[in-house]
Amino acid sequence: MDKIKRKYEIRITLIYWIFSIVWIYTSDYLLGISIHDPELVTRIQNYKGWAFVTASAVLIYILVRHYLNAQRTTEKKLIENEERLRLAVESAQQGIYDLNIQSGEIVVNEIYAKTLGFDSSSFTETFQGWLSRLHPEDNDYVTTAFQNYISGVSDEYRIEFRQRKANGDWIWLLSVGSIVEYDPDGKPLRMLGTQTDITDSKAKELKISHLYESLRNANEDLSQAYDATIEGWSRAMELRDRETEGHTLRVTALTLRLASMAGLNGKDLVHIRRGALLHDMGKLGIPDSILLKPGPLDDQEWNLMRKHPIFAYEMLSPITYLQKAIDIPYCHHEKMDGSGYPRGLKEAEIPLAARIFAVVDVFDALTSNRPYRSAWTLEKTLAFISDGSDTHFDPNVVKLFFELIQSEPKWLNGKS
């Protein structure tokens, strides 16, 4: 309003000044060239003065009337805008505050007071009063956030906190504010903002958090139950073939370590662990007469034995939980040159988890006693793995395997 008022004051003064100059110069010029009788000129000058006063009054009346009409229009628009803003604020149910940062006095609207359970006609807010109603657990956080914003450390003031109502109940509030005025030295003087009751949304948020936590715990319990079941299956398979006792747990531990060195982590390792524990699951479909035969197998028996990865796939693939763990049970007998079974995969066609497990499985199997042979020496086993690099085994995995047993010889415990 002050800017509009100054604009019209300057405009009226300028128009009157121009009018006066034009009137005086034009009237004197016309009088000088048309009348040469001094007495007549004097009389006309008197009339000209009265005419100037009359014309000036009319001009000023027109200018002032125009200014007042413009002022009324502006004020009407301001009133309409203020009413729209008031209605918008009331419909949004937001409390509004105007903080004098230097004195700590706060001017608030009716909703602000009602939100806190106070009578808006008698409620007086101050910064200290506001602080005194903060929840003890939120006090440090809120005051730090406020000071950081006032001092310029933070660019934004937007905080959630609990505050005590007039009846002693606690509610959650969202306070958003912005500095709107500074003193000549750049110190903040005034801050405007809103304070909104978010108790209901916080309650819903807390409920969702509890539901999520319950679901997470339930999933963990279910996952542990699944893993316990897998381990039970693994022990059951080893009980069936006592000559391989301890083999599954050994190859699982070594496979996980080698997979970590290969850059696998997180859920990949979880699926690898399950796959390693179930790598011989398909042997449940092999008759005891073949599985436990003390001597060499004939061609027909070998044909059936080579089907155990297919049996594993058929057993495990319908179980959604284990579908990402199938790579090892299904593919650990594939070879890099394509001569493996059951599908004759080669090189990168073989899943990485299966390529890693193949080295570990052969290493542990060859250094362990079997019904049909005695355990190989460590030297002979490592030579076999080295010779099989690029044909049987992935050369990159073989390289990692030798690096592992050299840097962590504990994996050779019990191997001679």
# chains A, B, ... in the order shown; residues from 1 in each chain; ligands from 1
>>> residues_around(residues="Thr126 of chain A", least_positions_apart="6", cutoff="6 Å", atoms="only C-alpha atoms", output="PyMOL selection string")
chain A and resi 104-106
>>> write_last_selection(atoms="C-alpha atoms", output="PDB file, in the first residue's frame")
ATOM      1  CA  GLY A 104      10.378 -13.987  21.538  1.00  0.00           C
ATOM      2  CA  GLU A 105       6.791 -12.756  21.131  1.00  0.00           C
ATOM      3  CA  ILE A 106       4.594 -14.814  18.816  1.00  0.00           C
TER       4      ILE A 106
END
>>> residues_around(residues="Glu156 of chain A", least_positions_apart="4", cutoff="9 Å", atoms="only C-alpha atoms", output="ChimeraX atom specification")
/A:149,176-178
>>> residues_around(residues="Gly340 of chain A", least_positions_apart="4", cutoff="12 Å", atoms="only C-alpha atoms", output="PDB file with N, CA and C atoms, in the first residue's frame")
ATOM      1  N   ARG A 306      23.946 -90.152 -13.500  1.00  0.00           N
ATOM      2  CA  ARG A 306      24.090 -88.832 -14.111  1.00  0.00           C
ATOM      3  C   ARG A 306      22.761 -88.063 -14.177  1.00  0.00           C
ATOM      4  N   LYS A 307      21.701 -88.713 -13.841  1.00  0.00           N
ATOM      5  CA  LYS A 307      20.396 -88.046 -13.841  1.00  0.00           C
ATOM      6  C   LYS A 307      20.095 -87.345 -12.515  1.00  0.00           C
ATOM      7  N   PRO A 309      21.259 -84.627 -11.125  1.00  0.00           N
ATOM      8  CA  PRO A 309      20.986 -83.185 -11.216  1.00  0.00           C
ATOM      9  C   PRO A 309      19.584 -82.890 -11.758  1.00  0.00           C
ATOM     10  N   TYR A 330      21.682 -78.251 -10.013  1.00  0.00           N
ATOM     11  CA  TYR A 330      21.372 -78.619 -11.394  1.00  0.00           C
ATOM     12  C   TYR A 330      22.607 -78.621 -12.295  1.00  0.00           C
ATOM     13  N   CYS A 331      23.604 -77.767 -12.009  1.00  0.00           N
ATOM     14  CA  CYS A 331      24.686 -77.525 -12.980  1.00  0.00           C
ATOM     15  C   CYS A 331      26.089 -77.812 -12.469  1.00  0.00           C
ATOM     16  N   HIS A 332      26.276 -78.376 -11.269  1.00  0.00           N
ATOM     17  CA  HIS A 332      27.634 -78.489 -10.736  1.00  0.00           C
ATOM     18  C   HIS A 332      28.446 -79.602 -11.373  1.00  0.00           C
ATOM     19  N   HIS A 333      27.834 -80.413 -12.237  1.00  0.00           N
ATOM     20  CA  HIS A 333      28.588 -81.449 -12.959  1.00  0.00           C
ATOM     21  C   HIS A 333      28.815 -81.064 -14.423  1.00  0.00           C
ATOM     22  N   GLU A 334      28.466 -79.836 -14.797  1.00  0.00           N
ATOM     23  CA  GLU A 334      28.788 -79.349 -16.138  1.00  0.00           C
ATOM     24  C   GLU A 334      30.287 -79.009 -16.196  1.00  0.00           C
ATOM     25  N   LYS A 335      30.874 -79.060 -17.413  1.00  0.00           N
ATOM     26  CA  LYS A 335      32.299 -78.772 -17.580  1.00  0.00           C
ATOM     27  C   LYS A 335      32.491 -77.668 -18.617  1.00  0.00           C
ATOM     28  N   MET A 336      33.601 -76.963 -18.495  1.00  0.00           N
ATOM     29  CA  MET A 336      33.855 -75.818 -19.360  1.00  0.00           C
ATOM     30  C   MET A 336      33.903 -76.192 -20.833  1.00  0.00           C
ATOM     31  N   GLY A 344      25.223 -80.647 -20.927  1.00  0.00           N
ATOM     32  CA  GLY A 344      26.347 -80.367 -21.806  1.00  0.00           C
ATOM     33  C   GLY A 344      26.624 -78.887 -21.970  1.00  0.00           C
ATOM     34  N   LEU A 345      26.384 -78.091 -20.936  1.00  0.00           N
ATOM     35  CA  LEU A 345      26.678 -76.657 -20.987  1.00  0.00           C
ATOM     36  C   LEU A 345      28.181 -76.434 -21.031  1.00  0.00           C
ATOM     37  N   LYS A 346      28.594 -75.268 -21.542  1.00  0.00           N
ATOM     38  CA  LYS A 346      30.024 -74.968 -21.551  1.00  0.00           C
ATOM     39  C   LYS A 346      30.262 -73.485 -21.279  1.00  0.00           C
ATOM     40  N   GLU A 347      31.439 -73.221 -20.736  1.00  0.00           N
ATOM     41  CA  GLU A 347      31.921 -71.857 -20.444  1.00  0.00           C
ATOM     42  C   GLU A 347      30.863 -71.021 -19.719  1.00  0.00           C
ATOM     43  N   ILE A 350      27.401 -72.004 -18.123  1.00  0.00           N
ATOM     44  CA  ILE A 350      27.304 -72.592 -16.787  1.00  0.00           C
ATOM     45  C   ILE A 350      27.192 -71.452 -15.768  1.00  0.00           C
ATOM     46  N   ARG A 355      30.010 -73.001 -11.305  1.00  0.00           N
ATOM     47  CA  ARG A 355      31.435 -73.074 -11.651  1.00  0.00           C
ATOM     48  C   ARG A 355      32.299 -72.991 -10.398  1.00  0.00           C
ATOM     49  N   ALA A 358      31.868 -76.361  -8.412  1.00  0.00           N
ATOM     50  CA  ALA A 358      32.480 -77.524  -9.049  1.00  0.00           C
ATOM     51  C   ALA A 358      33.911 -77.735  -8.564  1.00  0.00           C
ATOM     52  N   THR A 391      39.245 -76.766 -19.117  1.00  0.00           N
ATOM     53  CA  THR A 391      38.499 -77.861 -19.740  1.00  0.00           C
ATOM     54  C   THR A 391      37.366 -78.306 -18.821  1.00  0.00           C
ATOM     55  N   HIS A 392      37.739 -78.667 -17.592  1.00  0.00           N
ATOM     56  CA  HIS A 392      36.733 -79.051 -16.596  1.00  0.00           C
ATOM     57  C   HIS A 392      36.270 -77.838 -15.788  1.00  0.00           C
ATOM     58  N   PHE A 393      37.248 -77.040 -15.345  1.00  0.00           N
ATOM     59  CA  PHE A 393      36.959 -75.944 -14.423  1.00  0.00           C
ATOM     60  C   PHE A 393      37.170 -74.578 -15.073  1.00  0.00           C
TER      61      PHE A 393
END
>>> select_by_dssp(residues="segment 232-334 of chain A", states="helix (DSSP H, G or I)", output="PDB file with N, CA and C atoms, in the first residue's frame")
ATOM      1  N   GLY A 232      18.230 -79.881   7.471  1.00  0.00           N
ATOM      2  CA  GLY A 232      17.728 -81.217   7.817  1.00  0.00           C
ATOM      3  C   GLY A 232      17.771 -82.162   6.630  1.00  0.00           C
ATOM      4  N   TRP A 233      17.372 -81.651   5.452  1.00  0.00           N
ATOM      5  CA  TRP A 233      17.467 -82.464   4.235  1.00  0.00           C
ATOM      6  C   TRP A 233      18.917 -82.874   3.979  1.00  0.00           C
ATOM      7  N   SER A 234      19.819 -81.885   4.167  1.00  0.00           N
ATOM      8  CA  SER A 234      21.238 -82.152   3.927  1.00  0.00           C
ATOM      9  C   SER A 234      21.759 -83.239   4.853  1.00  0.00           C
ATOM     10  N   ARG A 235      21.404 -83.188   6.137  1.00  0.00           N
ATOM     11  CA  ARG A 235      21.857 -84.216   7.097  1.00  0.00           C
ATOM     12  C   ARG A 235      21.231 -85.572   6.762  1.00  0.00           C
ATOM     13  N   ALA A 236      19.986 -85.543   6.311  1.00  0.00           N
ATOM     14  CA  ALA A 236      19.328 -86.799   5.953  1.00  0.00           C
ATOM     15  C   ALA A 236      20.046 -87.473   4.798  1.00  0.00           C
ATOM     16  N   MET A 237      20.494 -86.680   3.824  1.00  0.00           N
ATOM     17  CA  MET A 237      21.219 -87.253   2.689  1.00  0.00           C
ATOM     18  C   MET A 237      22.553 -87.840   3.130  1.00  0.00           C
ATOM     19  N   GLU A 238      23.225 -87.169   4.071  1.00  0.00           N
ATOM     20  CA  GLU A 238      24.509 -87.677   4.536  1.00  0.00           C
ATOM     21  C   GLU A 238      24.344 -88.920   5.399  1.00  0.00           C
ATOM     22  N   LEU A 239      23.254 -89.021   6.133  1.00  0.00           N
ATOM     23  CA  LEU A 239      22.981 -90.226   6.914  1.00  0.00           C
ATOM     24  C   LEU A 239      22.776 -91.427   5.996  1.00  0.00           C
ATOM     25  N   ARG A 240      22.242 -91.139   4.820  1.00  0.00           N
ATOM     26  CA  ARG A 240      22.039 -92.217   3.866  1.00  0.00           C
ATOM     27  C   ARG A 240      23.374 -92.716   3.316  1.00  0.00           C
ATOM     28  N   ARG A 242      26.942 -92.608   4.594  1.00  0.00           N
ATOM     29  CA  ARG A 242      27.821 -92.255   5.715  1.00  0.00           C
ATOM     30  C   ARG A 242      29.255 -91.963   5.270  1.00  0.00           C
ATOM     31  N   GLU A 243      29.648 -92.450   4.094  1.00  0.00           N
ATOM     32  CA  GLU A 243      31.007 -92.213   3.618  1.00  0.00           C
ATOM     33  C   GLU A 243      31.249 -90.738   3.292  1.00  0.00           C
ATOM     34  N   THR A 244      30.171 -89.987   3.088  1.00  0.00           N
ATOM     35  CA  THR A 244      30.322 -88.555   2.740  1.00  0.00           C
ATOM     36  C   THR A 244      29.983 -87.650   3.925  1.00  0.00           C
ATOM     37  N   HIS A 247      30.779 -83.830   4.397  1.00  0.00           N
ATOM     38  CA  HIS A 247      31.132 -83.272   3.083  1.00  0.00           C
ATOM     39  C   HIS A 247      30.306 -82.024   2.760  1.00  0.00           C
ATOM     40  N   THR A 248      29.013 -82.070   2.988  1.00  0.00           N
ATOM     41  CA  THR A 248      28.140 -80.954   2.592  1.00  0.00           C
ATOM     42  C   THR A 248      28.476 -79.675   3.335  1.00  0.00           C
ATOM     43  N   LEU A 249      28.674 -79.769   4.641  1.00  0.00           N
ATOM     44  CA  LEU A 249      28.992 -78.561   5.415  1.00  0.00           C
ATOM     45  C   LEU A 249      30.355 -78.003   5.022  1.00  0.00           C
ATOM     46  N   ARG A 250      31.327 -78.891   4.719  1.00  0.00           N
ATOM     47  CA  ARG A 250      32.661 -78.421   4.329  1.00  0.00           C
ATOM     48  C   ARG A 250      32.602 -77.674   2.986  1.00  0.00           C
ATOM     49  N   VAL A 251      31.946 -78.290   2.002  1.00  0.00           N
ATOM     50  CA  VAL A 251      31.927 -77.642   0.685  1.00  0.00           C
ATOM     51  C   VAL A 251      31.083 -76.377   0.711  1.00  0.00           C
ATOM     52  N   THR A 252      30.067 -76.328   1.568  1.00  0.00           N
ATOM     53  CA  THR A 252      29.246 -75.112   1.673  1.00  0.00           C
ATOM     54  C   THR A 252      30.074 -73.953   2.204  1.00  0.00           C
ATOM     55  N   ALA A 253      30.835 -74.207   3.283  1.00  0.00           N
ATOM     56  CA  ALA A 253      31.656 -73.143   3.877  1.00  0.00           C
ATOM     57  C   ALA A 253      32.717 -72.650   2.896  1.00  0.00           C
ATOM     58  N   LEU A 254      33.400 -73.596   2.217  1.00  0.00           N
ATOM     59  CA  LEU A 254      34.468 -73.214   1.292  1.00  0.00           C
ATOM     60  C   LEU A 254      33.896 -72.503   0.057  1.00  0.00           C
ATOM     61  N   THR A 255      32.749 -72.946  -0.412  1.00  0.00           N
ATOM     62  CA  THR A 255      32.108 -72.304  -1.572  1.00  0.00           C
ATOM     63  C   THR A 255      31.729 -70.858  -1.255  1.00  0.00           C
ATOM     64  N   LEU A 256      31.173 -70.622  -0.076  1.00  0.00           N
ATOM     65  CA  LEU A 256      30.789 -69.259   0.316  1.00  0.00           C
ATOM     66  C   LEU A 256      32.013 -68.341   0.369  1.00  0.00           C
ATOM     67  N   ARG A 257      33.129 -68.871   0.903  1.00  0.00           N
ATOM     68  CA  ARG A 257      34.345 -68.039   0.987  1.00  0.00           C
ATOM     69  C   ARG A 257      34.865 -67.720  -0.409  1.00  0.00           C
ATOM     70  N   LEU A 258      34.858 -68.696  -1.292  1.00  0.00           N
ATOM     71  CA  LEU A 258      35.353 -68.487  -2.653  1.00  0.00           C
ATOM     72  C   LEU A 258      34.416 -67.550  -3.423  1.00  0.00           C
ATOM     73  N   ALA A 259      33.128 -67.693  -3.195  1.00  0.00           N
ATOM     74  CA  ALA A 259      32.163 -66.808  -3.863  1.00  0.00           C
ATOM     75  C   ALA A 259      32.351 -65.360  -3.417  1.00  0.00           C
ATOM     76  N   SER A 260      32.668 -65.158  -2.145  1.00  0.00           N
ATOM     77  CA  SER A 260      32.933 -63.800  -1.641  1.00  0.00           C
ATOM     78  C   SER A 260      34.151 -63.205  -2.335  1.00  0.00           C
ATOM     79  N   MET A 261      35.177 -64.015  -2.508  1.00  0.00           N
ATOM     80  CA  MET A 261      36.379 -63.538  -3.209  1.00  0.00           C
ATOM     81  C   MET A 261      36.058 -63.191  -4.665  1.00  0.00           C
ATOM     82  N   LYS A 267      22.271 -61.311  -0.999  1.00  0.00           N
ATOM     83  CA  LYS A 267      21.331 -62.387  -1.290  1.00  0.00           C
ATOM     84  C   LYS A 267      21.945 -63.454  -2.185  1.00  0.00           C
ATOM     85  N   ASP A 268      22.930 -63.083  -3.011  1.00  0.00           N
ATOM     86  CA  ASP A 268      23.590 -64.087  -3.850  1.00  0.00           C
ATOM     87  C   ASP A 268      24.214 -65.176  -2.988  1.00  0.00           C
ATOM     88  N   LEU A 269      24.859 -64.772  -1.897  1.00  0.00           N
ATOM     89  CA  LEU A 269      25.487 -65.746  -1.004  1.00  0.00           C
ATOM     90  C   LEU A 269      24.441 -66.599  -0.287  1.00  0.00           C
ATOM     91  N   VAL A 270      23.284 -66.008   0.019  1.00  0.00           N
ATOM     92  CA  VAL A 270      22.211 -66.771   0.658  1.00  0.00           C
ATOM     93  C   VAL A 270      21.760 -67.900  -0.260  1.00  0.00           C
ATOM     94  N   HIS A 271      21.554 -67.585  -1.537  1.00  0.00           N
ATOM     95  CA  HIS A 271      21.107 -68.603  -2.490  1.00  0.00           C
ATOM     96  C   HIS A 271      22.214 -69.635  -2.747  1.00  0.00           C
ATOM     97  N   ILE A 272      23.457 -69.183  -2.766  1.00  0.00           N
ATOM     98  CA  ILE A 272      24.573 -70.119  -2.960  1.00  0.00           C
ATOM     99  C   ILE A 272      24.665 -71.093  -1.791  1.00  0.00           C
ATOM    100  N   ARG A 273      24.467 -70.586  -0.579  1.00  0.00           N
ATOM    101  CA  ARG A 273      24.518 -71.463   0.595  1.00  0.00           C
ATOM    102  C   ARG A 273      23.444 -72.550   0.499  1.00  0.00           C
ATOM    103  N   ARG A 274      22.234 -72.145   0.156  1.00  0.00           N
ATOM    104  CA  ARG A 274      21.150 -73.126   0.052  1.00  0.00           C
ATOM    105  C   ARG A 274      21.428 -74.130  -1.068  1.00  0.00           C
ATOM    106  N   GLY A 275      21.929 -73.616  -2.188  1.00  0.00           N
ATOM    107  CA  GLY A 275      22.246 -74.519  -3.290  1.00  0.00           C
ATOM    108  C   GLY A 275      23.333 -75.512  -2.938  1.00  0.00           C
ATOM    109  N   ALA A 276      24.366 -75.041  -2.211  1.00  0.00           N
ATOM    110  CA  ALA A 276      25.458 -75.940  -1.810  1.00  0.00           C
ATOM    111  C   ALA A 276      24.967 -77.009  -0.842  1.00  0.00           C
ATOM    112  N   LEU A 277      24.103 -76.609   0.102  1.00  0.00           N
ATOM    113  CA  LEU A 277      23.562 -77.589   1.053  1.00  0.00           C
ATOM    114  C   LEU A 277      22.724 -78.652   0.339  1.00  0.00           C
ATOM    115  N   MET A 281      20.827 -83.203  -3.624  1.00  0.00           N
ATOM    116  CA  MET A 281      19.434 -83.522  -3.350  1.00  0.00           C
ATOM    117  C   MET A 281      18.898 -84.566  -4.326  1.00  0.00           C
ATOM    118  N   GLY A 282      19.350 -84.495  -5.572  1.00  0.00           N
ATOM    119  CA  GLY A 282      18.852 -85.409  -6.583  1.00  0.00           C
ATOM    120  C   GLY A 282      19.206 -86.855  -6.346  1.00  0.00           C
ATOM    121  N   LYS A 283      20.213 -87.115  -5.501  1.00  0.00           N
ATOM    122  CA  LYS A 283      20.601 -88.499  -5.227  1.00  0.00           C
ATOM    123  C   LYS A 283      19.548 -89.246  -4.419  1.00  0.00           C
ATOM    124  N   LEU A 284      18.545 -88.505  -3.909  1.00  0.00           N
ATOM    125  CA  LEU A 284      17.430 -89.198  -3.265  1.00  0.00           C
ATOM    126  C   LEU A 284      16.667 -90.057  -4.277  1.00  0.00           C
ATOM    127  N   GLY A 285      16.845 -89.751  -5.547  1.00  0.00           N
ATOM    128  CA  GLY A 285      16.188 -90.530  -6.589  1.00  0.00           C
ATOM    129  C   GLY A 285      17.038 -91.681  -7.104  1.00  0.00           C
ATOM    130  N   ASP A 288      19.721 -97.267  -3.543  1.00  0.00           N
ATOM    131  CA  ASP A 288      20.863 -97.566  -2.669  1.00  0.00           C
ATOM    132  C   ASP A 288      21.849 -98.511  -3.342  1.00  0.00           C
ATOM    133  N   SER A 289      21.342 -99.425  -4.154  1.00  0.00           N
ATOM    134  CA  SER A 289      22.223-100.404  -4.795  1.00  0.00           C
ATOM    135  C   SER A 289      23.248 -99.740  -5.701  1.00  0.00           C
ATOM    136  N   ILE A 290      22.899 -98.556  -6.207  1.00  0.00           N
ATOM    137  CA  ILE A 290      23.840 -97.812  -7.057  1.00  0.00           C
ATOM    138  C   ILE A 290      24.619 -96.803  -6.224  1.00  0.00           C
ATOM    139  N   LEU A 291      23.919 -96.066  -5.399  1.00  0.00           N
ATOM    140  CA  LEU A 291      24.570 -95.009  -4.612  1.00  0.00           C
ATOM    141  C   LEU A 291      25.624 -95.574  -3.677  1.00  0.00           C
ATOM    142  N   ASP A 299      27.765 -99.045 -17.215  1.00  0.00           N
ATOM    143  CA  ASP A 299      27.235 -97.961 -18.051  1.00  0.00           C
ATOM    144  C   ASP A 299      25.791 -97.629 -17.712  1.00  0.00           C
ATOM    145  N   GLN A 300      24.956 -98.629 -17.511  1.00  0.00           N
ATOM    146  CA  GLN A 300      23.553 -98.384 -17.185  1.00  0.00           C
ATOM    147  C   GLN A 300      23.405 -97.662 -15.855  1.00  0.00           C
ATOM    148  N   GLU A 301      24.242 -98.097 -14.886  1.00  0.00           N
ATOM    149  CA  GLU A 301      24.201 -97.458 -13.561  1.00  0.00           C
ATOM    150  C   GLU A 301      24.690 -96.004 -13.646  1.00  0.00           C
ATOM    151  N   TRP A 302      25.728 -95.785 -14.466  1.00  0.00           N
ATOM    152  CA  TRP A 302      26.232 -94.413 -14.626  1.00  0.00           C
ATOM    153  C   TRP A 302      25.185 -93.511 -15.296  1.00  0.00           C
ATOM    154  N   ASN A 303      24.474 -94.058 -16.253  1.00  0.00           N
ATOM    155  CA  ASN A 303      23.432 -93.282 -16.918  1.00  0.00           C
ATOM    156  C   ASN A 303      22.382 -92.815 -15.917  1.00  0.00           C
ATOM    157  N   LEU A 304      22.023 -93.697 -14.977  1.00  0.00           N
ATOM    158  CA  LEU A 304      21.049 -93.312 -13.956  1.00  0.00           C
ATOM    159  C   LEU A 304      21.665 -92.332 -12.963  1.00  0.00           C
ATOM    160  N   MET A 305      22.938 -92.562 -12.576  1.00  0.00           N
ATOM    161  CA  MET A 305      23.602 -91.663 -11.615  1.00  0.00           C
ATOM    162  C   MET A 305      23.701 -90.240 -12.183  1.00  0.00           C
ATOM    163  N   HIS A 308      20.991 -87.494 -11.511  1.00  0.00           N
ATOM    164  CA  HIS A 308      20.642 -86.904 -10.209  1.00  0.00           C
ATOM    165  C   HIS A 308      20.526 -85.378 -10.247  1.00  0.00           C
ATOM    166  N   PRO A 309      21.259 -84.627 -11.125  1.00  0.00           N
ATOM    167  CA  PRO A 309      20.986 -83.185 -11.216  1.00  0.00           C
ATOM    168  C   PRO A 309      19.584 -82.890 -11.758  1.00  0.00           C
ATOM    169  N   ILE A 310      19.110 -83.754 -12.681  1.00  0.00           N
ATOM    170  CA  ILE A 310      17.757 -83.564 -13.212  1.00  0.00           C
ATOM    171  C   ILE A 310      16.731 -83.841 -12.118  1.00  0.00           C
ATOM    172  N   PHE A 311      16.981 -84.901 -11.328  1.00  0.00           N
ATOM    173  CA  PHE A 311      16.080 -85.200 -10.213  1.00  0.00           C
ATOM    174  C   PHE A 311      16.026 -84.018  -9.243  1.00  0.00           C
ATOM    175  N   ALA A 312      17.206 -83.394  -8.989  1.00  0.00           N
ATOM    176  CA  ALA A 312      17.266 -82.226  -8.091  1.00  0.00           C
ATOM    177  C   ALA A 312      16.432 -81.081  -8.645  1.00  0.00           C
ATOM    178  N   TYR A 313      16.560 -80.838  -9.948  1.00  0.00           N
ATOM    179  CA  TYR A 313      15.788 -79.757 -10.574  1.00  0.00           C
ATOM    180  C   TYR A 313      14.295 -80.024 -10.443  1.00  0.00           C
ATOM    181  N   GLU A 314      13.895 -81.268 -10.710  1.00  0.00           N
ATOM    182  CA  GLU A 314      12.471 -81.609 -10.638  1.00  0.00           C
ATOM    183  C   GLU A 314      11.930 -81.500  -9.216  1.00  0.00           C
ATOM    184  N   MET A 315      12.775 -81.761  -8.226  1.00  0.00           N
ATOM    185  CA  MET A 315      12.350 -81.678  -6.835  1.00  0.00           C
ATOM    186  C   MET A 315      12.260 -80.224  -6.349  1.00  0.00           C
ATOM    187  N   LEU A 316      13.230 -79.406  -6.784  1.00  0.00           N
ATOM    188  CA  LEU A 316      13.367 -78.071  -6.206  1.00  0.00           C
ATOM    189  C   LEU A 316      12.678 -76.964  -7.001  1.00  0.00           C
ATOM    190  N   THR A 320       9.109 -72.128  -4.956  1.00  0.00           N
ATOM    191  CA  THR A 320       9.496 -70.752  -5.307  1.00  0.00           C
ATOM    192  C   THR A 320      10.660 -70.262  -4.468  1.00  0.00           C
ATOM    193  N   TYR A 321      10.654 -70.609  -3.199  1.00  0.00           N
ATOM    194  CA  TYR A 321      11.680 -70.148  -2.267  1.00  0.00           C
ATOM    195  C   TYR A 321      13.074 -70.608  -2.676  1.00  0.00           C
ATOM    196  N   LEU A 322      13.170 -71.736  -3.402  1.00  0.00           N
ATOM    197  CA  LEU A 322      14.471 -72.331  -3.733  1.00  0.00           C
ATOM    198  C   LEU A 322      14.836 -72.197  -5.205  1.00  0.00           C
ATOM    199  N   GLN A 323      14.024 -71.501  -5.983  1.00  0.00           N
ATOM    200  CA  GLN A 323      14.289 -71.440  -7.418  1.00  0.00           C
ATOM    201  C   GLN A 323      15.621 -70.767  -7.740  1.00  0.00           C
ATOM    202  N   LYS A 324      16.029 -69.778  -6.947  1.00  0.00           N
ATOM    203  CA  LYS A 324      17.303 -69.099  -7.193  1.00  0.00           C
ATOM    204  C   LYS A 324      18.491 -69.870  -6.625  1.00  0.00           C
ATOM    205  N   ALA A 325      18.219 -70.995  -5.964  1.00  0.00           N
ATOM    206  CA  ALA A 325      19.306 -71.821  -5.415  1.00  0.00           C
ATOM    207  C   ALA A 325      19.550 -73.061  -6.262  1.00  0.00           C
ATOM    208  N   ASP A 327      20.857 -73.423  -9.290  1.00  0.00           N
ATOM    209  CA  ASP A 327      22.030 -73.450 -10.171  1.00  0.00           C
ATOM    210  C   ASP A 327      23.052 -74.509  -9.763  1.00  0.00           C
ATOM    211  N   ILE A 328      23.352 -74.607  -8.469  1.00  0.00           N
ATOM    212  CA  ILE A 328      24.372 -75.567  -8.023  1.00  0.00           C
ATOM    213  C   ILE A 328      23.863 -77.005  -8.117  1.00  0.00           C
ATOM    214  N   PRO A 329      22.690 -77.345  -7.561  1.00  0.00           N
ATOM    215  CA  PRO A 329      22.231 -78.740  -7.689  1.00  0.00           C
ATOM    216  C   PRO A 329      22.053 -79.186  -9.137  1.00  0.00           C
ATOM    217  N   TYR A 330      21.682 -78.251 -10.013  1.00  0.00           N
ATOM    218  CA  TYR A 330      21.372 -78.619 -11.394  1.00  0.00           C
ATOM    219  C   TYR A 330      22.607 -78.621 -12.295  1.00  0.00           C
ATOM    220  N   CYS A 331      23.604 -77.767 -12.009  1.00  0.00           N
ATOM    221  CA  CYS A 331      24.686 -77.525 -12.980  1.00  0.00           C
ATOM    222  C   CYS A 331      26.089 -77.812 -12.469  1.00  0.00           C
TER     223      CYS A 331
END
>>> select_by_dssp(residues="segment 180-378 of chain A", states="strand (DSSP E or B)", output="PyMOL selection string")
chain A and resi 180-182+188-197+370+373
>>> write_last_selection(atoms="C-alpha atoms", output="PDB file, in the first residue's frame")
ATOM      1  CA  VAL A 180      11.092 -12.899   6.319  1.00  0.00           C
ATOM      2  CA  GLU A 181      12.878  -9.902   7.843  1.00  0.00           C
ATOM      3  CA  TYR A 182      16.459  -9.020   8.824  1.00  0.00           C
ATOM      4  CA  PRO A 188      17.059 -12.315  11.597  1.00  0.00           C
ATOM      5  CA  LEU A 189      14.184 -10.297  13.066  1.00  0.00           C
ATOM      6  CA  ARG A 190      10.985 -12.017  12.025  1.00  0.00           C
ATOM      7  CA  MET A 191       9.910 -15.543  11.133  1.00  0.00           C
ATOM      8  CA  LEU A 192       6.597 -16.661   9.625  1.00  0.00           C
ATOM      9  CA  GLY A 193       5.396 -20.234   9.484  1.00  0.00           C
ATOM     10  CA  THR A 194       2.726 -22.857   9.994  1.00  0.00           C
ATOM     11  CA  GLN A 195       2.184 -25.455  12.706  1.00  0.00           C
ATOM     12  CA  THR A 196       0.038 -28.467  11.770  1.00  0.00           C
ATOM     13  CA  ASP A 197      -1.386 -31.296  13.849  1.00  0.00           C
ATOM     14  CA  ARG A 370      34.909 -93.231  -0.872  1.00  0.00           C
ATOM     15  CA  ARG A 373      38.658 -95.680  -3.565  1.00  0.00           C
TER      16      ARG A 373
END
>>> residues_around(residues="Leu366 of chain A", least_positions_apart="3", cutoff="7 Å", atoms="only C-alpha atoms", output="VMD selection string")
chain A and resid 362 to 363 375 to 376 381
>>> atom_distance(atom1="atom CA of Gln128 of chain A", atom2="atom CA of Thr199 of chain A")
22.8 Å
